[in-house]
$ cat final.cif   # mmCIF, C-alpha atoms
data_target
loop_
_atom_site.label_atom_id
_atom_site.label_comp_id
_atom_site.auth_asym_id
_atom_site.auth_seq_id
_atom_site.Cartn_x
_atom_site.Cartn_y
_atom_site.Cartn_z
CA MET A 1431 17.69 -6.47 -16.95
CA ALA A 1432 19.62 -9.70 -16.33
CA ASN A 1433 21.91 -7.90 -13.86
CA ALA A 1434 18.88 -6.54 -12.03
CA LEU A 1435 17.34 -10.01 -11.72
CA VAL A 1436 20.62 -11.35 -10.30
CA GLY A 1437 20.81 -8.33 -7.98
CA MET A 1438 17.36 -9.15 -6.58
CA PHE A 1439 18.80 -12.31 -5.02
CA ARG A 1440 22.09 -10.72 -3.96
CA VAL A 1441 20.34 -8.28 -1.62
CA LYS A 1442 19.62 -10.33 1.50
CA GLU A 1443 16.62 -8.30 2.69
CA LEU A 1444 14.98 -8.34 -0.74
CA ARG A 1445 15.72 -12.05 -1.20
CA GLU A 1446 14.07 -12.86 2.14
CA ARG A 1447 11.05 -10.73 1.30
CA ILE A 1448 10.58 -12.40 -2.08
CA PHE A 1449 10.93 -15.85 -0.52
CA PHE A 1450 8.42 -15.01 2.23
CA THR A 1451 5.92 -13.65 -0.29
CA SER A 1452 6.30 -16.77 -2.46
CA MET A 1453 5.71 -19.09 0.50
CA MET A 1454 2.58 -17.19 1.57
CA LEU A 1455 1.18 -17.39 -1.96
CA VAL A 1456 1.89 -21.14 -2.03
CA VAL A 1457 -0.09 -21.51 1.21
CA PHE A 1458 -2.92 -19.55 -0.39
CA ARG A 1459 -2.99 -21.82 -3.42
CA ILE A 1460 -2.87 -25.00 -1.31
CA GLY A 1461 -5.83 -23.76 0.73
CA ALA A 1462 -7.82 -23.25 -2.47
CA PHE A 1463 -7.95 -27.05 -2.90
CA ILE A 1464 -8.81 -28.06 0.70
CA PRO A 1465 -12.59 -28.62 0.76
CA ILE A 1466 -14.95 -27.71 3.56
CA PRO A 1467 -15.47 -30.75 5.86
CA GLY A 1468 -18.59 -32.65 4.87
CA ILE A 1469 -18.27 -32.07 1.09
CA ASN A 1470 -17.97 -35.09 -1.20
CA VAL A 1471 -15.33 -33.81 -3.63
CA ARG A 1472 -15.99 -36.49 -6.26
CA GLU A 1473 -19.69 -35.67 -6.43
CA LEU A 1474 -18.95 -31.94 -6.46
CA ASN A 1475 -16.57 -32.31 -9.42
CA ALA A 1476 -19.10 -34.45 -11.25
CA PHE A 1477 -21.76 -31.77 -10.76
CA PHE A 1478 -19.60 -28.96 -12.17
CA MET A 1479 -18.48 -31.19 -15.05
CA SER A 1480 -22.14 -31.73 -15.92
CA GLN A 1481 -22.69 -27.95 -15.84
CA GLN A 1482 -20.01 -27.23 -18.46
CA GLY A 1483 -21.50 -25.61 -21.53
CA THR A 1484 -24.68 -24.53 -19.76
CA GLY A 1485 -22.80 -21.71 -18.03
CA ASN A 1486 -23.69 -20.04 -14.74
CA ALA A 1487 -22.30 -16.53 -15.15
CA ILE A 1488 -22.43 -15.61 -11.47
CA VAL A 1489 -20.70 -18.79 -10.27
CA ASP A 1490 -18.07 -18.45 -13.03
CA TYR A 1491 -17.44 -14.86 -11.96
CA LEU A 1492 -17.06 -15.71 -8.25
CA ASP A 1493 -14.94 -18.76 -9.02
CA PHE A 1494 -12.63 -16.84 -11.35
CA PHE A 1495 -11.67 -14.20 -8.79
CA ALA A 1496 -11.35 -16.83 -6.05
CA GLY A 1497 -8.76 -18.68 -8.15
CA GLY A 1498 -10.97 -21.76 -8.50
CA ALA A 1499 -11.58 -21.95 -4.74
CA PHE A 1500 -15.32 -21.33 -5.08
CA SER A 1501 -16.04 -24.33 -7.32
CA ASN A 1502 -13.85 -26.46 -5.04
CA PHE A 1503 -15.94 -25.42 -2.01
CA SER A 1504 -12.59 -24.86 -0.31
CA VAL A 1505 -11.82 -23.21 3.00
CA PHE A 1506 -10.78 -20.09 1.02
CA MET A 1507 -13.86 -20.05 -1.24
CA LEU A 1508 -14.91 -16.55 -0.09
CA GLY A 1509 -11.43 -15.24 -0.84
CA ILE A 1510 -10.38 -11.83 0.44
CA MET A 1511 -13.42 -9.99 -0.95
CA PRO A 1512 -15.35 -9.84 2.38
CA TYR A 1513 -12.45 -7.91 3.93
CA ILE A 1514 -12.29 -5.52 0.97
CA SER A 1515 -16.06 -4.99 1.13
CA MET A 1516 -15.90 -4.18 4.83
CA SER A 1517 -12.95 -1.83 4.29
CA ILE A 1518 -15.01 0.12 1.75
CA ILE A 1519 -18.00 0.24 4.08
CA MET A 1520 -15.79 1.47 6.94
CA GLN A 1521 -14.27 4.24 4.82
CA LEU A 1522 -17.74 5.39 3.83
CA LEU A 1523 -18.88 5.30 7.47
CA ILE A 1524 -15.90 7.44 8.51
CA ILE A 1525 -17.03 10.13 6.06
CA VAL A 1526 -20.73 9.89 7.04
CA PHE A 1527 -20.31 9.73 10.85
CA PRO A 1528 -18.22 12.50 12.52
CA THR A 1529 -17.64 10.31 15.60
CA LEU A 1530 -15.82 7.66 13.57
CA LYS A 1531 -13.85 10.36 11.75
CA LYS A 1532 -12.77 11.82 15.10
CA ILE A 1533 -11.70 8.36 16.31
CA SER A 1534 -9.66 7.78 13.14
CA GLN A 1535 -7.76 11.04 13.71
CA GLU A 1536 -6.87 10.32 17.34
CA ASP A 1537 -3.63 8.70 18.53
CA GLY A 1538 -4.09 4.99 17.96
CA GLY A 1539 -7.24 5.71 15.97
CA LYS A 1540 -6.08 3.68 12.98
CA LYS A 1541 -5.73 0.59 15.18
CA LYS A 1542 -9.31 1.04 16.42
CA ILE A 1543 -10.64 1.42 12.86
CA THR A 1544 -8.68 -1.68 11.83
CA LYS A 1545 -10.24 -3.56 14.76
CA TYR A 1546 -13.75 -2.46 13.74
CA THR A 1547 -13.03 -3.48 10.14
CA ARG A 1548 -11.94 -6.96 11.21
CA MET A 1549 -15.05 -7.38 13.35
CA GLY A 1550 -17.20 -6.27 10.44
CA THR A 1551 -15.39 -8.71 8.15
CA VAL A 1552 -16.47 -11.58 10.41
CA ALA A 1553 -20.09 -10.44 10.09
CA VAL A 1554 -19.83 -10.22 6.28
CA CYS A 1555 -18.24 -13.69 6.16
CA LEU A 1556 -21.08 -15.16 8.19
CA VAL A 1557 -23.67 -13.69 5.81
CA GLN A 1558 -21.82 -14.89 2.71
CA GLY A 1559 -21.02 -18.20 4.40
CA PHE A 1560 -24.72 -18.81 4.98
CA ALA A 1561 -25.32 -18.08 1.30
CA VAL A 1562 -22.70 -20.74 0.49
CA THR A 1563 -24.56 -23.33 2.54
CA GLN A 1564 -27.77 -22.52 0.70
CA TYR A 1565 -25.98 -22.94 -2.62
CA ALA A 1566 -24.66 -26.33 -1.44
CA GLN A 1567 -28.20 -27.30 -0.51
CA SER A 1568 -29.45 -26.38 -3.99
CA ILE A 1569 -26.70 -28.55 -5.53
CA SER A 1570 -27.51 -31.45 -3.21
CA ARG A 1571 -31.04 -31.57 -4.66
CA SER A 1572 -29.54 -32.78 -7.96
CA THR A 1573 -26.58 -34.63 -6.36
CA GLU A 1574 -27.81 -36.71 -3.45
CA ASN A 1575 -24.38 -37.71 -2.13
CA LEU A 1576 -22.86 -34.19 -2.12
CA LEU A 1577 -22.94 -33.91 1.68
CA SER A 1578 -21.57 -36.65 3.90
CA ILE A 1579 -23.09 -35.07 7.02
CA SER A 1580 -26.46 -33.56 7.88
CA MET A 1581 -27.38 -30.16 6.47
CA MET A 1582 -27.51 -28.59 9.92
CA SER A 1583 -24.02 -29.84 10.80
CA PHE A 1584 -22.68 -28.75 7.44
CA THR A 1585 -24.13 -25.25 7.87
CA PHE A 1586 -22.43 -24.83 11.25
CA ILE A 1587 -19.09 -26.22 10.07
CA ALA A 1588 -19.15 -24.26 6.80
CA LEU A 1589 -19.83 -20.94 8.56
CA ILE A 1590 -16.86 -21.44 10.88
CA THR A 1591 -14.58 -22.79 8.14
CA VAL A 1592 -15.07 -20.14 5.46
CA THR A 1593 -15.01 -17.31 8.03
CA THR A 1594 -11.75 -18.62 9.46
CA GLY A 1595 -10.39 -19.04 5.94
CA THR A 1596 -11.06 -15.42 5.01
CA MET A 1597 -9.61 -14.12 8.29
CA PHE A 1598 -6.51 -16.24 7.70
CA LEU A 1599 -6.18 -14.80 4.18
CA MET A 1600 -6.50 -11.33 5.67
CA TRP A 1601 -3.63 -12.15 8.05
CA ILE A 1602 -1.55 -13.52 5.15
CA GLY A 1603 -2.14 -10.31 3.19
CA GLU A 1604 -1.05 -8.16 6.14
CA GLN A 1605 2.06 -10.27 6.66
CA ILE A 1606 3.02 -10.00 2.97
CA THR A 1607 2.67 -6.21 3.13
CA LYS A 1608 4.73 -6.06 6.32
CA ARG A 1609 7.39 -8.75 5.75
CA GLY A 1610 7.19 -9.46 2.01
CA ILE A 1611 7.14 -7.43 -1.17
CA GLY A 1612 4.14 -5.64 -2.68
CA ASN A 1613 0.64 -5.08 -1.34
CA GLY A 1614 -0.46 -8.36 0.26
CA ILE A 1615 -4.21 -8.07 -0.36
CA SER A 1616 -3.72 -7.12 -4.02
CA LEU A 1617 -1.19 -9.93 -4.51
CA LEU A 1618 -3.71 -12.50 -3.23
CA ILE A 1619 -6.23 -11.36 -5.83
CA PHE A 1620 -3.45 -11.32 -8.44
CA ALA A 1621 -2.41 -14.89 -7.54
CA GLY A 1622 -6.00 -16.13 -7.84
CA ILE A 1623 -6.35 -14.62 -11.33
CA VAL A 1624 -2.98 -15.90 -12.56
CA ALA A 1625 -3.85 -19.39 -11.30
CA ARG A 1626 -6.68 -19.47 -13.83
CA LEU A 1627 -4.40 -18.73 -16.80
CA PRO A 1628 -3.49 -22.37 -17.69
CA THR A 1629 -7.16 -23.44 -17.64
CA ALA A 1630 -8.21 -20.46 -19.76
CA ILE A 1631 -5.45 -21.05 -22.34
CA TRP A 1632 -6.28 -24.75 -22.58
CA GLU A 1633 -9.99 -23.98 -23.01
CA LEU A 1634 -9.17 -21.47 -25.75
CA ILE A 1635 -7.03 -24.01 -27.64
CA SER A 1636 -9.74 -26.67 -27.27
CA ARG A 1637 -12.42 -24.34 -28.64
CA VAL A 1638 -10.26 -23.50 -31.67
CA GLN A 1639 -9.51 -27.20 -32.32
CA THR A 1640 -13.18 -28.18 -32.16
CA GLY A 1641 -14.15 -25.30 -34.49
CA ASP A 1642 -16.26 -23.47 -31.88
CA LEU A 1643 -13.99 -20.41 -32.23
CA ASN A 1644 -12.79 -18.78 -35.42
CA PRO A 1645 -8.94 -18.49 -35.36
CA VAL A 1646 -9.24 -15.05 -36.97
CA PHE A 1647 -11.33 -13.84 -34.03
CA VAL A 1648 -8.72 -15.24 -31.64
CA VAL A 1649 -5.93 -13.29 -33.39
CA VAL A 1650 -8.04 -10.10 -33.33
CA VAL A 1651 -8.75 -10.46 -29.62
CA LEU A 1652 -5.09 -11.19 -28.81
CA ILE A 1653 -4.01 -8.04 -30.69
CA MET A 1654 -6.66 -6.16 -28.75
CA PHE A 1655 -5.29 -7.66 -25.53
CA VAL A 1656 -1.71 -6.51 -26.25
CA SER A 1657 -2.95 -3.03 -27.18
CA VAL A 1658 -5.00 -2.71 -24.01
CA VAL A 1659 -2.06 -3.84 -21.84
CA THR A 1660 0.12 -1.17 -23.46
CA LEU A 1661 -2.51 1.50 -22.88
CA VAL A 1662 -3.03 0.39 -19.27
CA VAL A 1663 0.70 0.65 -18.55
CA TYR A 1664 0.85 4.08 -20.19
CA GLU A 1665 -2.21 5.30 -18.28
CA GLN A 1666 -1.06 3.89 -14.93
CA ARG A 1667 2.28 5.74 -15.23
CA GLY A 1668 0.97 9.01 -16.65
CA GLN A 1669 1.40 12.13 -14.48
CA ARG A 1670 0.35 15.77 -14.42
CA LYS A 1671 3.10 17.74 -12.68
CA ILE A 1672 2.06 20.83 -10.73
CA HIS A 1673 5.11 23.08 -10.28
CA VAL A 1674 5.54 24.62 -6.83
CA ASN A 1675 7.99 27.37 -5.83
CA TYR A 1676 9.23 27.40 -2.23
CA ALA A 1677 10.76 30.50 -0.66
CA LYS A 1678 14.24 30.18 0.79
CA ARG A 1679 14.36 29.87 4.58
CA VAL A 1680 17.32 29.98 6.92
CA VAL A 1681 17.04 27.61 9.89
CA GLY A 1682 20.12 27.75 12.08
CA ARG A 1683 23.05 27.56 9.71
CA LYS A 1684 21.20 25.79 6.94
CA MET A 1685 19.10 27.14 4.08
CA TYR A 1686 15.95 25.34 3.04
CA GLY A 1687 13.67 25.76 0.01
CA GLY A 1688 14.32 27.53 -3.24
CA ALA A 1689 14.54 24.31 -5.28
CA PRO A 1690 13.94 25.18 -8.96
CA ASN A 1691 12.24 21.95 -10.08
CA THR A 1692 9.88 21.16 -7.20
CA PHE A 1693 6.53 19.76 -8.30
CA ILE A 1694 3.52 17.78 -7.08
CA PRO A 1695 2.99 14.64 -9.24
CA PHE A 1696 -0.72 14.00 -9.82
CA LYS A 1697 -1.14 10.65 -11.54
CA ILE A 1698 -3.61 10.54 -14.43
CA ASN A 1699 -5.23 7.69 -12.54
CA PRO A 1700 -4.48 8.52 -8.87
CA SER A 1701 -6.45 5.59 -7.47
CA GLY A 1702 -4.88 2.89 -9.68
CA VAL A 1703 -6.90 -0.32 -9.78
CA ILE A 1704 -8.58 0.36 -6.43
CA PRO A 1705 -11.91 1.56 -7.96
CA VAL A 1706 -12.18 -1.64 -10.01
CA ILE A 1707 -11.42 -3.86 -6.99
CA PHE A 1708 -13.86 -1.90 -4.82
CA ALA A 1709 -16.64 -2.03 -7.44
CA SER A 1710 -16.14 -5.77 -7.99
CA SER A 1711 -16.17 -6.41 -4.26
CA ILE A 1712 -19.34 -4.40 -3.62
CA LEU A 1713 -21.19 -6.22 -6.41
CA THR A 1714 -19.87 -9.66 -5.43
CA MET A 1715 -21.74 -9.83 -2.11
CA PRO A 1716 -25.30 -9.29 -3.46
CA LEU A 1717 -24.44 -11.50 -6.43
CA GLN A 1718 -23.44 -14.36 -4.19
CA ILE A 1719 -26.42 -14.00 -1.87
CA ALA A 1720 -28.88 -13.69 -4.76
CA GLN A 1721 -27.41 -16.72 -6.54
CA SER A 1722 -27.23 -18.91 -3.44
CA ILE A 1723 -30.68 -18.39 -1.93
CA GLY A 1724 -32.51 -16.98 -4.95
CA GLY A 1725 -34.16 -20.33 -5.60
CA ASN A 1726 -36.06 -20.07 -2.30
CA VAL A 1727 -36.98 -16.36 -2.54
CA THR A 1728 -38.76 -15.09 -5.65
CA TRP A 1729 -37.51 -11.50 -5.60
CA LEU A 1730 -33.92 -12.64 -4.98
CA ALA A 1731 -34.16 -14.94 -7.98
CA SER A 1732 -35.16 -11.89 -10.04
CA VAL A 1733 -32.17 -9.98 -8.68
CA SER A 1734 -29.91 -12.91 -9.56
CA ARG A 1735 -31.12 -12.92 -13.15
CA ALA A 1736 -30.89 -9.12 -13.46
CA LEU A 1737 -27.36 -8.95 -12.04
CA THR A 1738 -25.80 -11.45 -14.41
CA PRO A 1739 -22.15 -10.32 -14.84
CA ASN A 1740 -22.56 -10.17 -18.61
CA GLY A 1741 -25.88 -8.35 -18.42
CA LEU A 1742 -26.62 -4.70 -19.18
CA LEU A 1743 -27.76 -3.76 -15.65
CA TYR A 1744 -24.65 -5.26 -14.05
CA ASN A 1745 -22.31 -3.41 -16.40
CA ILE A 1746 -24.13 -0.11 -15.87
CA MET A 1747 -23.82 -0.51 -12.09
CA PHE A 1748 -20.20 -1.62 -12.48
CA VAL A 1749 -19.25 1.46 -14.52
CA THR A 1750 -21.10 3.77 -12.12
CA LEU A 1751 -19.35 2.31 -9.07
CA ILE A 1752 -15.93 2.54 -10.75
CA VAL A 1753 -16.41 6.26 -11.44
CA PHE A 1754 -17.75 6.82 -7.91
CA PHE A 1755 -14.86 5.03 -6.20
CA ALA A 1756 -12.30 6.78 -8.44
CA TYR A 1757 -13.50 10.13 -7.10
CA PHE A 1758 -14.01 8.81 -3.57
CA TYR A 1759 -10.57 7.22 -3.21
CA THR A 1760 -8.83 10.21 -4.81
CA GLN A 1761 -10.57 12.56 -2.37
CA VAL A 1762 -9.46 10.41 0.56
CA THR A 1763 -5.83 10.05 -0.52
CA LEU A 1764 -5.31 13.41 -2.28
CA ASN A 1765 -7.33 15.96 -0.34
CA PRO A 1766 -6.86 19.38 -2.06
CA MET A 1767 -7.52 21.16 1.23
CA GLU A 1768 -4.71 19.31 3.01
CA ILE A 1769 -2.30 19.73 0.09
CA SER A 1770 -3.01 23.48 -0.09
CA LYS A 1771 -2.51 23.79 3.65
CA GLN A 1772 0.87 22.04 3.47
CA ILE A 1773 2.02 24.24 0.57
CA ARG A 1774 1.14 27.44 2.45
CA GLU A 1775 2.68 26.24 5.74
CA ASN A 1776 5.95 25.49 3.96
CA GLY A 1777 6.05 28.88 2.23
CA GLY A 1778 5.22 27.50 -1.19
CA SER A 1779 3.22 28.88 -4.09
CA ILE A 1780 2.05 27.72 -7.50
CA PRO A 1781 3.09 30.13 -10.29
CA GLY A 1782 0.16 32.28 -11.44
CA ILE A 1783 -2.19 31.09 -8.66
CA ARG A 1784 -3.04 33.20 -5.62
CA SER A 1785 -2.67 31.61 -2.20
CA ASP A 1786 -6.40 31.76 -1.43
CA ARG A 1787 -7.21 29.96 -4.71
CA LEU A 1788 -4.86 27.00 -4.25
CA GLU A 1789 -7.57 24.62 -3.08
CA SER A 1790 -10.00 25.42 -5.91
CA TYR A 1791 -7.17 25.20 -8.46
CA LEU A 1792 -6.00 21.78 -7.25
CA THR A 1793 -9.61 20.54 -7.07
CA LYS A 1794 -10.15 21.64 -10.66
CA ILE A 1795 -6.99 19.83 -11.81
CA LEU A 1796 -7.94 16.62 -9.98
CA ASN A 1797 -11.48 16.65 -11.40
CA ARG A 1798 -10.11 17.06 -14.90
CA ILE A 1799 -7.74 14.11 -14.65
CA VAL A 1800 -9.87 11.77 -12.51
CA LEU A 1801 -12.92 11.67 -14.81
CA PRO A 1802 -11.05 10.55 -17.97
CA GLY A 1803 -9.03 8.06 -15.90
CA ALA A 1804 -12.21 6.65 -14.31
CA LEU A 1805 -14.01 6.35 -17.66
CA TYR A 1806 -10.91 4.68 -19.10
CA LEU A 1807 -10.93 2.12 -16.28
CA ALA A 1808 -14.64 1.54 -16.75
CA GLY A 1809 -14.20 1.02 -20.48
CA ILE A 1810 -11.54 -1.63 -19.93
CA ALA A 1811 -13.63 -3.27 -17.20
CA VAL A 1812 -16.51 -4.05 -19.58
CA ILE A 1813 -14.24 -5.61 -22.24
CA PRO A 1814 -15.07 -9.22 -21.15
CA SER A 1815 -18.77 -8.64 -21.84
CA ILE A 1816 -17.93 -7.21 -25.28
CA ILE A 1817 -15.63 -10.14 -26.11
CA GLN A 1818 -18.26 -12.68 -25.08
CA TYR A 1819 -21.07 -10.91 -26.91
CA PHE A 1820 -19.33 -10.31 -30.25
CA PHE A 1821 -16.80 -13.18 -30.41
CA ASN A 1822 -18.53 -15.87 -28.31
CA PHE A 1823 -15.40 -16.45 -26.22
CA PRO A 1824 -15.60 -18.73 -23.15
CA THR A 1825 -16.07 -16.88 -19.86
CA SER A 1826 -12.69 -17.77 -18.34
CA VAL A 1827 -10.82 -16.56 -21.44
CA ALA A 1828 -12.85 -13.34 -21.67
CA TYR A 1829 -12.09 -12.51 -18.02
CA ILE A 1830 -8.36 -13.07 -18.58
CA LEU A 1831 -8.13 -11.03 -21.79
CA GLY A 1832 -9.70 -7.90 -20.41
CA GLY A 1833 -11.60 -6.09 -17.74
CA THR A 1834 -11.01 -6.28 -14.02
CA SER A 1835 -8.46 -9.09 -14.15
CA LEU A 1836 -6.29 -7.30 -16.71
CA LEU A 1837 -6.30 -4.06 -14.70
CA ILE A 1838 -5.45 -5.90 -11.49
CA MET A 1839 -2.66 -7.95 -13.07
CA VAL A 1840 -1.02 -4.94 -14.72
CA GLY A 1841 -1.51 -2.61 -11.76
CA VAL A 1842 -0.25 -5.05 -9.12
CA ASN A 1843 2.69 -6.05 -11.33
CA LEU A 1844 3.74 -2.41 -11.82
CA ASP A 1845 3.43 -1.61 -8.11
CA THR A 1846 5.45 -4.67 -7.10
CA MET A 1847 8.14 -3.88 -9.68
CA SER A 1848 8.33 -0.34 -8.31
CA GLN A 1849 8.95 -1.67 -4.79
CA ILE A 1850 11.62 -4.09 -6.00
CA ASP A 1851 13.20 -1.28 -8.00
CA GLY A 1852 13.30 0.88 -4.88
CA PHE A 1853 14.98 -1.85 -2.83
CA LEU A 1854 17.61 -2.42 -5.52
CA LYS A 1855 18.47 1.26 -5.82
CA MET A 1856 18.54 1.66 -2.05
CA HIS A 1857 21.24 -1.02 -1.96
CA HIS A 1858 23.13 0.60 -4.88
CA HIS A 1859 22.07 -1.92 -7.53
CA ASP A 1860 20.66 -1.21 -10.99
CA GLY A 1861 16.87 -1.02 -11.13
CA LEU A 1862 14.65 -3.38 -13.07
CA THR A 1863 14.53 -0.92 -15.96
CA LYS A 1864 17.05 1.48 -17.44
CA LYS A 1865 16.77 5.26 -17.50
CA GLY A 1866 13.89 5.24 -15.03
CA ARG A 1867 11.36 3.89 -17.52
CA ILE A 1868 9.36 2.32 -14.70
CA ARG A 1869 8.70 5.76 -13.28
CA GLY A 1870 5.81 7.91 -14.35
CA ARG A 1871 5.53 9.65 -17.68
CA ASN A 1872 5.08 13.40 -17.65
CA LEU A 1873 1.91 14.27 -19.57
#

$ encode --input "final.cif" --output "structure tokens"
Amino acid sequence: MANALVGMFRVKELRERIFFTSMMLVVFRIGAFIPIPGINVRELNAFFMSQQGTGNAIVDYLDFFAGGAFSNFSVFMLGIMPYISMSIIMQLLIIVFPTLKKISQEDGGKKKITKYTRMGTVAVCLVQGFAVTQYAQSISRSTENLLSISMMSFTFIALITVTTGTMFLMWIGEQITKRGIGNGISLLIFAGIVARLPTAIWELISRVQTGDLNPVFVVVVLIMFVSVVTLVVYEQRGQRKIHVNYAKRVVGRKMYGGAPNTFIPFKINPSGVIPVIFASSILTMPLQIAQSIGGNVTWLASVSRALTPNGLLYNIMFVTLIVFFAYFYTQVTLNPMEISKQIRENGGSIPGIRSDRLESYLTKILNRIVLPGALYLAGIAVIPSIIQYFFNFPTSVAYILGGTSLLIMVGVNLDTMSQIDGFLKMHHHDGLTKKGRIRGRNL
């Protein structure tokens, strides 16, 4: 392991990628503390200090996944979630509308879809940005000096600032994916969650010292946390191998096919943490709008109360969306029809399965492994609500010890390690783990 860590910095390309990724994440964290022009930071901090203990579940939820940027009213307070929300909407539209699907399959179609997604992201940012201004107005009713400029000027400036901030984060994420290491968008979410760790740990220690938390409960939850991390790693790396036999073919003077151990690796959880990120993103937008302008609209106030992140309705919707996106994303990335077509075109066959039944067989296998994986993700995602309900843990600690944040941290960490491992082996260095342990387990 030590040799691998040294090797990471001996490989020039990998060293440059790691350095670039680190610098982009530093920029992201700096931006989380730059407030929107017109906000009185001292009055804002005083307001949130006065709210400690009363608890606003929706604001805590939004602030947690923005890495503290939401409570700072920073230029990055919307985070990367508007872009993720629009990406989901665009993927759904491609399936619903044949015209968009045709465009996506044309030469240069991906660039057009990316362009439409970016334009849609601006629209989503403007809607959520307006909700932010309404939330600031509700705060200013109890804190007179919150805004140093008029409400109209602040609304205009805030809309431009937070929209630009999200678009800049989107650019940072794309640059990390292209020139850095790991998936840029996922790493931004990962960085925001990790940034909350010191605060959560300090709050946990303070609660234990003041007697608000039973130390025995803390030990129980920490053991639960370690167990869940172990299970998440095991589940993320689990595979179902579908053996495929390819007939030997002679092309020119070379012979192709006939490999004895060829197989298709279907992961137990093919979509990884994507369903959890998608579900969180889809629920974040109505949550933010309902919280921000709910005070002025009666029915939105009711929605805000009903969709409390720790509430029953929210968790039911959350679990439902996770299962839906697990199937949806798996169908998009692992289409049984396309896989069957490729097997037949390359002269392959699955032992014991007729050629005309390949698609139905692969669909059956995927359905059998996706449902347990999706339910497993959903079960982990609701852990924060369970911890808060039974053990009375503070919100920030509960989010860290389970649920969406845990899945994202473990999933992104494993994916990034896999990329680093690939770079090291490509340059003839030892991987991060011995005997291929980082690779999938055959289940």

$ closest_residue --input "final.cif" --among "A:Lys1671, A:Arg1626, A:Arg1787, A:Arg1548" --to "Gly1498 in chain A" --atoms "only C-alpha atoms"
A:Arg1626

$ resolve_selection --input "final.cif" --expression "the PyMOL selection byres ((chain A and resi 1605) around 12)" --output "ChimeraX atom specification"
/A:1447,1450-1455,1598-1604,1606-1615,1617-1618

$ closest_residue --input "final.cif" --among "A:Val1706, A:Cys1555, A:Leu1627, A:Met1715" --to "Thr1750 in chain A" --atoms "only C-alpha atoms"
A:Val1706

$ closest_residue --input "final.cif" --among "A:Thr1594, A:Asn1843, A:Gln1535, A:Ser1504" --to "Ile1464 in chain A" --atoms "only C-alpha atoms"
A:Ser1504

$ atom_distance --input "final.cif" --atom1 "CA of Ser1570 in chain A" --atom2 "CA of Pro1465 in chain A"
15.7 Å

$ closest_residue --input "final.cif" --among "A:Gly1841, A:Gly1595, A:Pro1705, A:Pro1695" --to "Val1753 in chain A" --atoms "all atoms listed in the file"
A:Pro1705

$ resolve_selection --input "final.cif" --expression "the PyMOL selection byres ((chain A and resi 1470) around 12)" --output "PDB file with C-alpha atoms, in the coordinates of the input"
ATOM      1  CA  ILE A1464      -8.810 -28.060   0.700  1.00  0.00           C
ATOM      2  CA  PRO A1465     -12.590 -28.620   0.760  1.00  0.00           C
ATOM      3  CA  ILE A1466     -14.950 -27.710   3.560  1.00  0.00           C
ATOM      4  CA  PRO A1467     -15.470 -30.750   5.860  1.00  0.00           C
ATOM      5  CA  GLY A1468     -18.590 -32.650   4.870  1.00  0.00           C
ATOM      6  CA  ILE A1469     -18.270 -32.070   1.090  1.00  0.00           C
ATOM      7  CA  VAL A1471     -15.330 -33.810  -3.630  1.00  0.00           C
ATOM      8  CA  ARG A1472     -15.990 -36.490  -6.260  1.00  0.00           C
ATOM      9  CA  GLU A1473     -19.690 -35.670  -6.430  1.00  0.00           C
ATOM     10  CA  LEU A1474     -18.950 -31.940  -6.460  1.00  0.00           C
ATOM     11  CA  ASN A1475     -16.570 -32.310  -9.420  1.00  0.00           C
ATOM     12  CA  ALA A1476     -19.100 -34.450 -11.250  1.00  0.00           C
ATOM     13  CA  PHE A1477     -21.760 -31.770 -10.760  1.00  0.00           C
ATOM     14  CA  ASN A1502     -13.850 -26.460  -5.040  1.00  0.00           C
ATOM     15  CA  PHE A1503     -15.940 -25.420  -2.010  1.00  0.00           C
ATOM     16  CA  SER A1504     -12.590 -24.860  -0.310  1.00  0.00           C
ATOM     17  CA  ALA A1566     -24.660 -26.330  -1.440  1.00  0.00           C
ATOM     18  CA  ILE A1569     -26.700 -28.550  -5.530  1.00  0.00           C
ATOM     19  CA  SER A1570     -27.510 -31.450  -3.210  1.00  0.00           C
ATOM     20  CA  THR A1573     -26.580 -34.630  -6.360  1.00  0.00           C
ATOM     21  CA  GLU A1574     -27.810 -36.710  -3.450  1.00  0.00           C
ATOM     22  CA  ASN A1575     -24.380 -37.710  -2.130  1.00  0.00           C
ATOM     23  CA  LEU A1576     -22.860 -34.190  -2.120  1.00  0.00           C
ATOM     24  CA  LEU A1577     -22.940 -33.910   1.680  1.00  0.00           C
ATOM     25  CA  SER A1578     -21.570 -36.650   3.900  1.00  0.00           C
ATOM     26  CA  ILE A1579     -23.090 -35.070   7.020  1.00  0.00           C
ATOM     27  CA  PHE A1584     -22.680 -28.750   7.440  1.00  0.00           C
TER      28      PHE A1584
END

$ residues_around --input "final.cif" --residues "Leu1508 in chain A" --least-positions-apart "5" --cutoff "7 Å" --atoms "all atoms listed in the file" --output "MDAnalysis selection string"
chainID A and resid 1496 1500 1592 1596

$ residues_around --input "final.cif" --residues "Ala1804 in chain A" --least-positions-apart "2" --cutoff "10 Å" --atoms "only C-alpha atoms" --output "list in words"
Ile1698, Asn1699, Pro1700, Ser1701, Gly1702, Val1703, Pro1705, Val1706, Val1749, Thr1750, Leu1751, Ile1752, Val1753, Phe1754, Phe1755, Ala1756, Tyr1757, Ile1799, Val1800, Leu1801, Pro1802, Tyr1806, Leu1807, Ala1808 and Gly1809 of chain A

$ residues_around --input "final.cif" --residues "Phe1821 in chain A" --least-positions-apart "6" --cutoff "10 Å" --atoms "all atoms listed in the file" --output "PyMOL selection string"
chain A and resi 1643-1644+1647-1648+1650-1651+1815+1828
